[in-house]
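The next block is my_file.cif, given as mmCIF, C-alpha atoms and all ligand atoms.
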data_work
loop_
_atom_site.label_atom_id
_atom_site.label_comp_id
_atom_site.auth_asym_id
_atom_site.auth_seq_id
_atom_site.Cartn_x
_atom_site.Cartn_y
_atom_site.Cartn_z
CA MET I 322 -4.52 13.60 23.01
CA PRO I 323 -4.26 16.17 20.21
CA TYR I 324 -1.78 15.40 17.45
CA ASN I 325 -0.14 18.10 15.42
CA PHE I 326 0.35 16.69 11.94
CA ASP I 327 1.20 20.19 10.70
CA GLN I 328 4.49 20.14 12.53
CA VAL I 329 7.47 19.65 10.25
CA HIS I 330 9.93 17.05 11.52
CA PRO I 331 13.25 17.34 9.68
CA ARG I 332 14.20 13.93 8.31
CA ARG I 333 17.23 14.81 6.23
CA ASN I 334 20.36 12.81 7.20
CA SER I 335 18.30 10.48 9.38
CA ASP I 336 18.79 7.18 7.53
CA SER I 337 15.66 7.83 5.49
CA ILE I 338 15.56 6.45 1.94
CA LYS I 339 12.91 9.00 1.14
CA TRP I 340 14.86 12.02 2.35
CA ASP I 341 18.43 11.04 1.60
CA ALA I 342 18.17 9.75 -1.95
CA TYR I 343 18.12 13.20 -3.52
CA PRO I 344 20.11 16.43 -3.04
CA GLU I 345 19.08 18.79 -0.24
CA ASP I 346 17.15 21.17 -2.49
CA VAL I 347 14.74 18.40 -3.59
CA LEU I 348 11.46 17.82 -1.73
CA PRO I 349 10.82 14.07 -1.62
CA LEU I 350 7.21 12.99 -2.12
CA TRP I 351 7.99 9.49 -3.27
CA VAL I 352 8.63 6.31 -1.12
CA ALA I 353 5.47 5.32 0.79
CA ASP I 354 6.23 6.36 4.32
CA MET I 355 4.87 9.42 6.09
CA ASP I 356 6.71 12.38 7.56
CA PHE I 357 4.91 12.01 10.90
CA PRO I 358 6.21 10.46 14.13
CA SER I 359 4.51 7.19 15.02
CA PRO I 360 1.83 7.17 17.76
CA ALA I 361 3.14 8.04 21.23
CA PRO I 362 2.24 4.60 22.69
CA VAL I 363 4.38 2.93 20.03
CA LEU I 364 7.32 5.18 20.84
CA ALA I 365 6.85 4.56 24.57
CA ALA I 366 6.69 0.79 24.12
CA LEU I 367 9.84 0.81 22.02
CA GLN I 368 11.67 3.04 24.52
CA GLN I 369 10.69 0.74 27.33
CA ARG I 370 11.81 -2.30 25.39
CA VAL I 371 15.17 -0.71 24.58
CA ALA I 372 15.59 0.41 28.19
CA ALA I 373 15.25 -3.23 29.28
CA GLY I 374 18.62 -3.57 27.59
CA ILE I 375 18.59 -7.28 26.77
CA PHE I 376 17.67 -8.39 23.27
CA GLY I 377 17.45 -12.15 23.53
CA TYR I 378 14.87 -14.09 21.50
CA GLY I 379 11.41 -12.69 22.10
CA SER I 380 8.14 -14.40 23.01
CA VAL I 381 5.53 -11.78 22.30
CA ALA I 382 3.91 -13.82 19.51
CA LYS I 383 1.03 -15.26 21.58
CA GLU I 384 -0.38 -11.97 22.89
CA LEU I 385 0.23 -10.38 19.54
CA ALA I 386 -1.65 -13.09 17.66
CA GLU I 387 -4.61 -12.76 20.02
CA THR I 388 -4.63 -8.99 19.58
CA LEU I 389 -4.60 -9.35 15.80
CA CYS I 390 -7.47 -11.84 15.82
CA GLU I 391 -9.56 -9.55 18.03
CA ARG I 392 -8.87 -6.62 15.72
CA LEU I 393 -9.88 -8.55 12.60
CA GLN I 394 -13.05 -9.65 14.34
CA GLN I 395 -13.95 -6.16 15.54
CA ARG I 396 -13.18 -4.30 12.36
CA TYR I 397 -14.34 -6.78 9.72
CA GLN I 398 -16.29 -9.47 11.58
CA TRP I 399 -13.57 -11.75 10.28
CA THR I 400 -13.14 -14.75 12.56
CA VAL I 401 -9.63 -16.11 12.46
CA THR I 402 -7.64 -17.87 15.14
CA PRO I 403 -3.96 -17.48 16.07
CA GLU I 404 -3.11 -20.67 14.19
CA HIS I 405 -4.25 -19.00 10.95
CA LEU I 406 -1.56 -16.34 11.28
CA ILE I 407 1.95 -16.53 9.87
CA PHE I 408 4.32 -13.74 10.89
CA LEU I 409 6.60 -12.39 8.19
CA PRO I 410 9.39 -9.82 8.10
CA ASN I 411 7.49 -7.72 5.54
CA LEU I 412 4.89 -7.88 2.80
CA VAL I 413 7.24 -8.04 -0.14
CA SER I 414 8.74 -11.25 1.20
CA GLY I 415 5.14 -12.49 1.51
CA LEU I 416 4.41 -11.75 -2.16
CA ASN I 417 7.57 -13.55 -3.20
CA LEU I 418 6.92 -16.46 -0.89
CA VAL I 419 3.44 -16.99 -2.30
CA CYS I 420 4.79 -17.01 -5.88
CA ARG I 421 7.54 -19.44 -4.91
CA THR I 422 5.24 -21.78 -3.00
CA PHE I 423 2.11 -22.01 -5.10
CA ALA I 424 3.27 -21.84 -8.71
CA LYS I 425 5.85 -23.89 -10.53
CA ALA I 426 8.05 -22.96 -13.48
CA GLY I 427 5.83 -22.36 -16.50
CA GLU I 428 2.87 -21.27 -14.37
CA ALA I 429 1.87 -17.63 -14.01
CA ALA I 430 0.64 -14.94 -11.65
CA LEU I 431 -1.84 -12.33 -12.85
CA VAL I 432 -1.70 -8.71 -11.62
CA GLN I 433 -3.65 -5.55 -12.42
CA THR I 434 -1.47 -2.64 -13.53
CA PRO I 435 -0.43 0.04 -12.81
CA ILE I 436 0.72 -1.53 -9.55
CA TYR I 437 3.27 -1.28 -6.75
CA PRO I 438 6.43 -2.55 -8.51
CA PRO I 439 7.18 -5.63 -6.32
CA PHE I 440 3.97 -7.18 -7.69
CA LEU I 441 5.67 -7.11 -11.08
CA SER I 442 9.00 -8.44 -9.88
CA ALA I 443 7.86 -11.12 -7.39
CA PRO I 444 6.68 -13.65 -10.03
CA LEU I 445 9.82 -13.13 -12.11
CA ASN I 446 12.09 -13.34 -9.05
CA GLN I 447 10.55 -16.70 -8.27
CA GLY I 448 10.87 -18.11 -11.77
CA ILE I 449 7.22 -17.98 -12.79
CA LYS I 450 5.49 -15.96 -15.50
CA LEU I 451 3.97 -12.54 -14.98
CA GLN I 452 0.63 -11.83 -16.63
CA THR I 453 -0.73 -8.32 -16.50
CA LEU I 454 -3.98 -6.64 -17.27
CA GLU I 455 -4.65 -2.93 -17.02
CA LEU I 456 -7.15 -1.33 -14.71
CA THR I 457 -9.38 0.90 -16.82
CA PRO I 458 -8.91 4.64 -16.32
CA GLN I 459 -12.05 6.70 -16.67
CA GLN I 460 -12.24 10.45 -16.68
CA ARG I 461 -14.73 11.80 -14.13
CA GLY I 462 -14.85 15.56 -14.57
CA LYS I 463 -11.25 16.68 -14.24
CA GLN I 464 -10.25 13.60 -12.31
CA LEU I 465 -9.37 10.00 -13.00
CA HIS I 466 -11.07 6.93 -11.61
CA TYR I 467 -9.87 3.39 -12.21
CA GLU I 468 -12.10 0.36 -12.64
CA ILE I 469 -11.56 -3.36 -12.86
CA ASP I 470 -11.73 -4.76 -16.37
CA GLU I 471 -13.65 -8.01 -15.88
CA LEU I 472 -13.61 -8.98 -19.54
CA GLY I 473 -9.90 -8.17 -19.70
CA PHE I 474 -9.37 -10.38 -16.66
CA ILE I 475 -11.00 -13.33 -18.44
CA ALA I 476 -9.06 -12.64 -21.62
CA SER I 477 -5.76 -12.48 -19.72
CA LEU I 478 -6.15 -15.92 -18.16
CA THR I 479 -4.36 -18.90 -19.68
CA PRO I 480 -4.20 -22.51 -18.54
CA GLU I 481 -0.91 -21.56 -16.81
CA THR I 482 -2.49 -18.88 -14.61
CA ARG I 483 -2.27 -20.15 -11.07
CA LEU I 484 -2.19 -17.04 -8.90
CA PHE I 485 -3.95 -13.71 -8.74
CA LEU I 486 -2.05 -11.03 -6.82
CA LEU I 487 -4.57 -8.45 -5.66
CA CYS I 488 -3.71 -5.06 -4.18
CA ASN I 489 -6.64 -3.68 -2.18
CA PRO I 490 -6.70 -0.78 -1.45
CA HIS I 491 -4.76 -0.33 -4.62
CA ASN I 492 -1.36 1.32 -4.80
CA PRO I 493 -0.97 3.58 -6.83
CA VAL I 494 -4.52 4.32 -8.05
CA GLY I 495 -5.98 4.67 -4.54
CA ARG I 496 -9.05 2.52 -5.11
CA HIS I 497 -10.92 0.95 -2.22
CA PHE I 498 -12.68 -1.71 -4.30
CA SER I 499 -16.40 -2.09 -3.61
CA ARG I 500 -18.02 -5.32 -2.49
CA HIS I 501 -19.58 -5.62 -5.93
CA GLU I 502 -16.19 -5.33 -7.65
CA LEU I 503 -14.53 -7.75 -5.24
CA GLU I 504 -17.31 -10.29 -5.65
CA ALA I 505 -16.88 -10.17 -9.41
CA LEU I 506 -13.16 -10.87 -8.98
CA ALA I 507 -13.88 -13.61 -6.47
CA LYS I 508 -16.22 -15.33 -8.91
CA LEU I 509 -13.55 -15.29 -11.61
CA CYS I 510 -10.96 -16.66 -9.19
CA LEU I 511 -13.25 -19.52 -8.20
CA GLN I 512 -14.24 -20.32 -11.78
CA ASN I 513 -10.59 -20.44 -12.79
CA ASP I 514 -9.26 -22.25 -9.73
CA LEU I 515 -6.85 -19.46 -8.79
CA ILE I 516 -5.06 -18.96 -5.51
CA ILE I 517 -5.31 -15.34 -4.39
CA CYS I 518 -2.68 -13.34 -2.59
CA SER I 519 -4.41 -10.22 -1.34
CA ASP I 520 -2.10 -7.43 -0.18
CA GLU I 521 -4.24 -5.30 2.12
CA VAL I 522 -1.51 -3.27 3.81
CA HIS I 523 -3.36 0.01 3.15
CA CYS I 524 -6.62 -1.30 4.66
CA ASP I 525 -6.66 1.12 7.60
CA LEU I 526 -6.19 4.13 5.38
CA ASN I 527 -9.66 4.49 3.91
CA LEU I 528 -10.17 8.22 3.69
CA ASP I 529 -13.94 8.52 3.36
CA GLY I 530 -15.18 6.35 6.18
CA GLN I 531 -15.70 3.21 4.09
CA SER I 532 -15.10 -0.11 5.83
CA HIS I 533 -12.39 -2.20 4.32
CA ILE I 534 -13.58 -5.53 2.95
CA PRO I 535 -10.97 -8.28 3.32
CA PHE I 536 -11.09 -10.42 0.18
CA ALA I 537 -11.01 -13.57 2.30
CA THR I 538 -14.32 -12.60 3.96
CA LEU I 539 -16.27 -12.72 0.70
CA SER I 540 -17.14 -16.40 1.07
CA PRO I 541 -15.87 -19.55 2.77
CA GLU I 542 -14.72 -20.85 -0.63
CA ILE I 543 -12.61 -17.74 -1.20
CA ALA I 544 -11.23 -17.92 2.35
CA GLN I 545 -9.93 -21.40 1.52
CA ARG I 546 -7.88 -20.14 -1.42
CA CYS I 547 -6.74 -16.77 -0.10
CA ILE I 548 -3.52 -15.60 1.54
CA THR I 549 -4.02 -12.12 2.98
CA LEU I 550 -1.01 -9.95 3.71
CA LEU I 551 -1.37 -7.31 6.41
CA ALA I 552 0.86 -5.10 8.57
CA PRO I 553 0.80 -2.05 10.83
CA SER I 554 3.64 -0.51 8.81
CA LYS I 555 1.68 1.95 6.63
CA THR I 556 -1.05 2.69 9.16
CA PHE I 557 1.23 3.65 12.03
CA ASN I 558 4.27 4.71 10.02
CA ILE I 559 6.63 2.00 11.23
CA ALA I 560 7.66 0.57 7.85
CA GLY I 561 11.35 0.88 8.70
CA LEU I 562 10.95 -1.59 11.55
CA GLY I 563 9.43 -4.27 9.33
CA GLY I 564 6.95 -6.84 10.62
CA SER I 565 3.84 -8.13 8.91
CA PHE I 566 1.59 -11.16 8.92
CA ALA I 567 -0.32 -13.40 6.58
CA VAL I 568 -3.79 -14.76 7.32
CA VAL I 569 -4.10 -18.23 5.81
CA GLU I 570 -7.24 -20.11 6.78
CA ASN I 571 -6.64 -23.18 4.63
CA PRO I 572 -4.44 -25.61 6.61
CA GLN I 573 -2.95 -27.14 3.49
CA LEU I 574 -1.86 -23.77 2.09
CA ARG I 575 -0.53 -22.82 5.50
CA LYS I 576 1.50 -26.00 5.72
CA GLN I 577 3.00 -25.39 2.29
CA LEU I 578 3.90 -21.80 3.15
CA LEU I 579 5.46 -22.72 6.47
CA ALA I 580 7.51 -25.44 4.78
CA ALA I 581 8.75 -22.98 2.14
CA MET I 582 9.74 -20.51 4.87
CA GLU I 583 11.73 -23.03 6.87
CA GLY I 584 15.26 -21.79 7.54
CA LEU I 585 14.90 -18.83 5.18
CA ILE I 586 12.37 -16.40 6.59
CA PRO I 587 13.20 -14.84 9.96
CA HIS I 588 10.76 -14.48 12.83
CA LEU I 589 9.59 -11.08 13.99
CA ASN I 590 12.17 -9.46 16.22
CA VAL I 591 11.69 -8.02 19.70
CA LEU I 592 11.41 -4.47 18.43
CA ASN I 593 8.99 -4.90 15.54
CA SER I 594 6.77 -7.21 17.55
CA THR I 595 6.74 -4.66 20.42
CA ALA I 596 5.83 -1.88 17.99
CA MET I 597 3.15 -3.98 16.30
CA LEU I 598 1.52 -4.89 19.58
CA ALA I 599 1.54 -1.31 20.90
CA ALA I 600 0.27 0.07 17.59
CA TYR I 601 -2.68 -2.30 17.39
CA GLN I 602 -3.51 -2.09 21.10
CA HIS I 603 -3.04 1.64 21.66
CA GLY I 604 -2.69 3.42 18.32
CA GLU I 605 -6.34 3.93 17.51
CA THR I 606 -6.67 7.51 18.83
CA TRP I 607 -3.73 8.58 16.70
CA LEU I 608 -5.17 6.79 13.67
CA GLN I 609 -8.53 8.49 14.17
CA ALA I 610 -6.71 11.84 14.05
CA LEU I 611 -4.50 10.87 11.11
CA ILE I 612 -7.31 9.97 8.71
CA PRO I 613 -8.99 13.42 8.61
CA TYR I 614 -5.57 15.02 8.22
CA LEU I 615 -4.77 12.80 5.22
CA ARG I 616 -8.23 13.46 3.83
CA GLY I 617 -7.55 17.19 4.17
CA ASN I 618 -4.26 16.77 2.29
CA ARG I 619 -5.97 14.80 -0.44
CA ASP I 620 -8.67 17.43 -0.86
CA PHE I 621 -6.11 20.22 -0.82
CA LEU I 622 -4.14 18.42 -3.54
CA VAL I 623 -7.15 17.73 -5.73
CA ASN I 624 -8.37 21.35 -5.45
CA TYR I 625 -4.93 22.79 -6.04
CA LEU I 626 -4.43 20.73 -9.18
CA ALA I 627 -7.87 21.57 -10.54
CA THR I 628 -7.35 25.30 -9.90
CA HIS I 629 -3.69 25.87 -10.70
CA LEU I 630 -2.48 22.88 -12.70
CA PRO I 631 -5.37 21.88 -14.94
CA GLN I 632 -2.98 20.21 -17.36
CA LEU I 633 -2.45 17.46 -14.74
CA LYS I 634 -5.23 15.01 -13.92
CA THR I 635 -5.28 13.12 -10.64
CA THR I 636 -7.09 10.27 -9.03
CA ILE I 637 -9.09 11.14 -5.91
CA PRO I 638 -7.63 8.47 -3.66
CA GLU I 639 -10.33 6.68 -1.68
CA ALA I 640 -7.60 5.09 0.42
CA THR I 641 -3.80 5.35 0.90
CA TYR I 642 -1.80 8.59 1.01
CA LEU I 643 -0.79 8.19 -2.60
CA ALA I 644 -2.08 10.16 -5.58
CA TRP I 645 -1.56 9.12 -9.17
CA LEU I 646 -1.00 12.04 -11.51
CA ASP I 647 -1.60 11.85 -15.23
CA CYS I 648 0.85 14.29 -16.80
CA ARG I 649 0.29 13.30 -20.42
CA ASP I 650 -1.63 16.45 -21.38
CA ALA I 651 1.20 18.61 -20.04
CA ASN I 652 3.44 17.40 -22.90
CA LEU I 653 6.44 16.74 -20.71
CA HIS I 654 8.98 14.44 -22.27
CA ASN I 655 9.51 12.68 -18.92
CA PRO I 656 7.34 14.06 -16.08
CA TYR I 657 9.39 12.44 -13.33
CA GLN I 658 12.61 14.02 -14.65
CA PHE I 659 10.89 17.32 -15.37
CA PHE I 660 9.58 17.73 -11.82
CA LEU I 661 12.83 16.52 -10.32
CA LYS I 662 15.03 18.87 -12.36
CA GLN I 663 12.79 21.89 -12.85
CA ALA I 664 10.60 21.83 -9.70
CA LYS I 665 13.01 20.04 -7.34
CA VAL I 666 10.28 17.63 -6.29
CA ALA I 667 10.85 13.87 -6.34
CA PHE I 668 8.00 11.51 -7.22
CA ASN I 669 7.89 7.84 -8.18
CA GLU I 670 8.14 7.42 -11.93
CA GLY I 671 4.90 6.08 -13.40
CA LYS I 672 6.44 3.58 -15.75
CA SER I 673 7.90 1.56 -12.86
CA PHE I 674 4.28 0.60 -12.02
CA GLY I 675 3.94 -1.32 -15.28
CA LYS I 676 1.55 -0.97 -18.20
CA GLY I 677 -0.55 2.17 -17.98
CA GLY I 678 2.09 4.00 -15.95
CA GLU I 679 3.89 5.83 -18.74
CA GLY I 680 3.37 9.60 -18.46
CA PHE I 681 2.28 9.38 -14.80
CA VAL I 682 3.96 10.07 -11.47
CA ARG I 683 2.96 8.90 -7.98
CA LEU I 684 2.77 11.57 -5.28
CA ASN I 685 2.93 10.78 -1.55
CA PHE I 686 0.85 13.22 0.47
CA GLY I 687 1.64 11.66 3.87
CA CYS I 688 3.37 14.85 4.99
CA PRO I 689 2.59 18.17 6.71
CA ARG I 690 0.30 20.30 4.56
CA SER I 691 2.99 22.96 4.23
CA THR I 692 5.31 20.42 2.60
CA LEU I 693 2.60 19.39 0.16
CA GLU I 694 1.79 23.02 -0.61
CA MET I 695 5.44 23.85 -1.20
CA ALA I 696 5.75 20.93 -3.62
CA LEU I 697 2.64 21.97 -5.52
CA GLU I 698 3.83 25.56 -5.78
CA ARG I 699 7.19 24.42 -7.09
CA MET I 700 5.37 22.31 -9.69
CA ARG I 701 3.19 25.24 -10.73
CA GLU I 702 6.17 27.58 -11.09
CA ALA I 703 8.12 25.00 -13.10
CA LEU I 704 5.21 24.45 -15.47
CA GLU I 705 4.64 28.20 -15.85
CA LYS I 706 8.29 28.84 -16.66
CA ARG I 707 8.40 26.31 -19.46
C1 LIG P 801 0.72 -2.37 -1.57
C2 LIG P 801 2.01 -2.45 -0.85
N1 LIG P 801 2.47 -3.64 -0.46
C3 LIG P 801 3.65 -3.75 0.19
C4 LIG P 801 4.40 -2.63 0.48
C5 LIG P 801 5.72 -2.80 1.18
O1 LIG P 801 5.56 -3.51 2.34
P1 LIG P 801 6.82 -4.06 3.13
O2 LIG P 801 7.68 -2.87 3.44
O3 LIG P 801 6.22 -4.67 4.35
O4 LIG P 801 7.51 -5.03 2.26
C6 LIG P 801 3.98 -1.38 0.07
C7 LIG P 801 4.81 -0.19 0.32
O5 LIG P 801 4.62 0.85 -0.24
C8 LIG P 801 2.73 -1.28 -0.60
O6 LIG P 801 2.25 -0.11 -0.98
#
Would you mind giving the structure from this file in structure tokens?
Amino acid sequence: MPYNFDQVHPRRNSDSIKWDAYPEDVLPLWVADMDFPSPAPVLAALQQRVAAGIFGYGSVAKELAETLCERLQQRYQWTVTPEHLIFLPNLVSGLNLVCRTFAKAGEAALVQTPIYPPFLSAPLNQGIKLQTLELTPQQRGKQLHYEIDELGFIASLTPETRLFLLCNPHNPVGRHFSRHELEALAKLCLQNDLIICSDEVHCDLNLDGQSHIPFATLSPEIAQRCITLLAPSKTFNIAGLGGSFAVVENPQLRKQLLAAMEGLIPHLNVLNSTAMLAAYQHGETWLQALIPYLRGNRDFLVNYLATHLPQLKTTIPEATYLAWLDCRDANLHNPYQFFLKQAKVAFNEGKSFGKGGEGFVRLNFGCPRSTLEMALERMREALEKR
């Protein structure tokens, strides 16, 4: 079935955080959801479920767990069984739960910045220390490319470091880390007896045909100390429904997590489990059409910036629909405010992503190309008028 990602679907006044947070004349390219309807089979499954009319407690978990295990096996040759899965309402609760369960007061979680802000708040929310180390930005031609700082990783560790919170693919710098890079991290985690929480929610959004490498598949030793967080929310644009899952192969870690969840963390509900099942069982054709469209948007963005806005440098995202723009050479006092006020385009402010984010903005290109083009033209005009 052909999908028309060029079609503009008005989202204003539709309960959308992204579209309703700013006045009507502002184009929102911030919060990480896409301006595309979800795959038709997901919509059909939800409509059918709603039409059934009764919303008592659901029992979809068994079929869903089997579907997830098959998918992990097919895509990554990752053998897990339904008992390894823990369903969660969303990933952010998973990050917080891991911090709460596996580190005690005085202990610390290490994260690589700039990073999706809940990685910075989860350790602090849960009363443990946050340790950060910066990914290393390198200029490649006119673009930016971020690398892992292995020596910095070692230097950042203290006897209190208990957890490493990994984001792969990485939001906001768009890296799909290579096997070589992941193995280097894995070695450091083993040497330093760390538990890893690997947020892999963007794993289906590799833009250049690379296969995602789940951190837990690097070795049996890593699998035993890894909690992997996954969801269909980004892939199939159903973030507003919630619903995610953790893969935890180590029975002891699983037991601890389940105990910490008891009475606090809700089960999936009948709508998000229906959507998750339909997305993973029948969403592949849509996903196969989405990826080239996102790749086209990324390439359009990178070319546009290089041609018309050379004062801004961008990453070339290998994965995700998020670009990370370095505005420091444009001499804007506050790039986020400048683009909001002068270009009427809303981004995420770089400094909320922690160290290394000052002077940057994050741009969401999960939208029709015409929306992206309009935003870029507004940015160009605003910069020219200065
Ligand atoms: C890396 C990453 N993790 C988690 C989330 C949020 O997931 P959830 O809505 O399931 O909490 C996002 C959303 O942008 C994200 O980029």
Exercise answer, 6 Å around ligand LIG 801 (chain P) with only C-alpha atoms and all ligand atoms, as a tab-separated table (two decimals) with C-alpha atoms, in the frame of the given file:
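Once written, part.tsv looks like this:
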chain	number	residue	atom	x	y	z
I	353	ALA	CA	5.47	5.32	0.79
I	411	ASN	CA	7.49	-7.72	5.54
I	412	LEU	CA	4.89	-7.88	2.80
I	413	VAL	CA	7.24	-8.04	-0.14
I	437	TYR	CA	3.27	-1.28	-6.75
I	488	CYS	CA	-3.71	-5.06	-4.18
I	492	ASN	CA	-1.36	1.32	-4.80
I	520	ASP	CA	-2.10	-7.43	-0.18
I	522	VAL	CA	-1.51	-3.27	3.81
I	560	ALA	CA	7.66	0.57	7.85
I	563	GLY	CA	9.43	-4.27	9.33
Using only C-alpha atoms, which residues of segment 379-495 of chain I come within 6 Å of segment 674-684 of chain I, and what is the closest atom pair for each, with the distance in Å to one decimal? Give it as a tab-separated table, sorted by chain and residue number.
residue	atom	partner	partner_atom	distance
I:Thr434	CA	I:Lys676	CA	5.8
I:Pro435	CA	I:Phe674	CA	4.8
I:Ile436	CA	I:Phe674	CA	4.8
I:Tyr437	CA	I:Phe674	CA	5.7
I:Pro438	CA	I:Phe674	CA	5.2
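Each of I:Gln602, I:Asn624, I:Thr422, I:Thr482 was compared to Gln464 of chain I using only C-alpha atoms, and I:Asn624 turns out to be the nearest.
Comparing I:Thr457, I:Gln512, I:Asn593, I:Ser414 by their smallest distance to Gly561 of chain I, the closest is I:Asn593 (using only C-alpha atoms).
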Pick out the residues sitting within 8 Å of Ala507 of chain I, and hand them over as an mmCIF file with C-alpha atoms, keeping the file's coordinate frame; count only C-alpha atoms, and ignore anything fewer than 2 positions along from it in its own chain.
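Result went into out-v1.cif, see below:
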data_model
loop_
_atom_site.group_PDB
_atom_site.id
_atom_site.type_symbol
_atom_site.label_atom_id
_atom_site.label_comp_id
_atom_site.auth_asym_id
_atom_site.auth_seq_id
_atom_site.Cartn_x
_atom_site.Cartn_y
_atom_site.Cartn_z
ATOM 1 C CA LEU I 503 -14.530 -7.750 -5.240
ATOM 2 C CA GLU I 504 -17.310 -10.290 -5.650
ATOM 3 C CA ALA I 505 -16.880 -10.170 -9.410
ATOM 4 C CA LEU I 509 -13.550 -15.290 -11.610
ATOM 5 C CA CYS I 510 -10.960 -16.660 -9.190
ATOM 6 C CA LEU I 511 -13.250 -19.520 -8.200
ATOM 7 C CA PHE I 536 -11.090 -10.420 0.180
ATOM 8 C CA LEU I 539 -16.270 -12.720 0.700
ATOM 9 C CA ILE I 543 -12.610 -17.740 -1.200
#
Distance criterion (all atoms listed in the file): nearest to Ile612 of chain I out of I:Ala651, I:Cys524, I:Ala537, I:Ala599: I:Cys524
Compute the distance from (-11.2, -16.1, 4.2) to each atom, counting all atoms listed in the file, keep the residues with any atom at most 10 Å away, and return them as a ChimeraX atom specification; use the coordinates of the file. /I:399-401,535-549,568-571
Given all atoms listed in the file as the basis, pick out the residue of I:Ile559, I:Ile475, I:Leu574, I:Leu348 nearest to Leu693 of chain I. I:Leu348
Can you tell me, as an MDAnalysis selection string, what residues are no more than 7 Å from segment 695-705 of chain I when counting all atoms listed in the file, ignoring any on the same chain fewer than 6 positions away? chainID I and resid 348 629:630 660 663:664 666
Box for segment 450-461 of chain I: with edges along x, y and z, all listed atoms inside and 6 Å added on each side, what are the centre and edge lengths in Å to one decimal, as JSON?
{"center_x": -4.6, "center_y": -2.1, "center_z": -15.7, "size_x": 32.2, "size_y": 39.8, "size_z": 15.1}
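Note that atom CA of Phe566 of chain I and atom CA of Leu409 of chain I are 5.2 Å apart.
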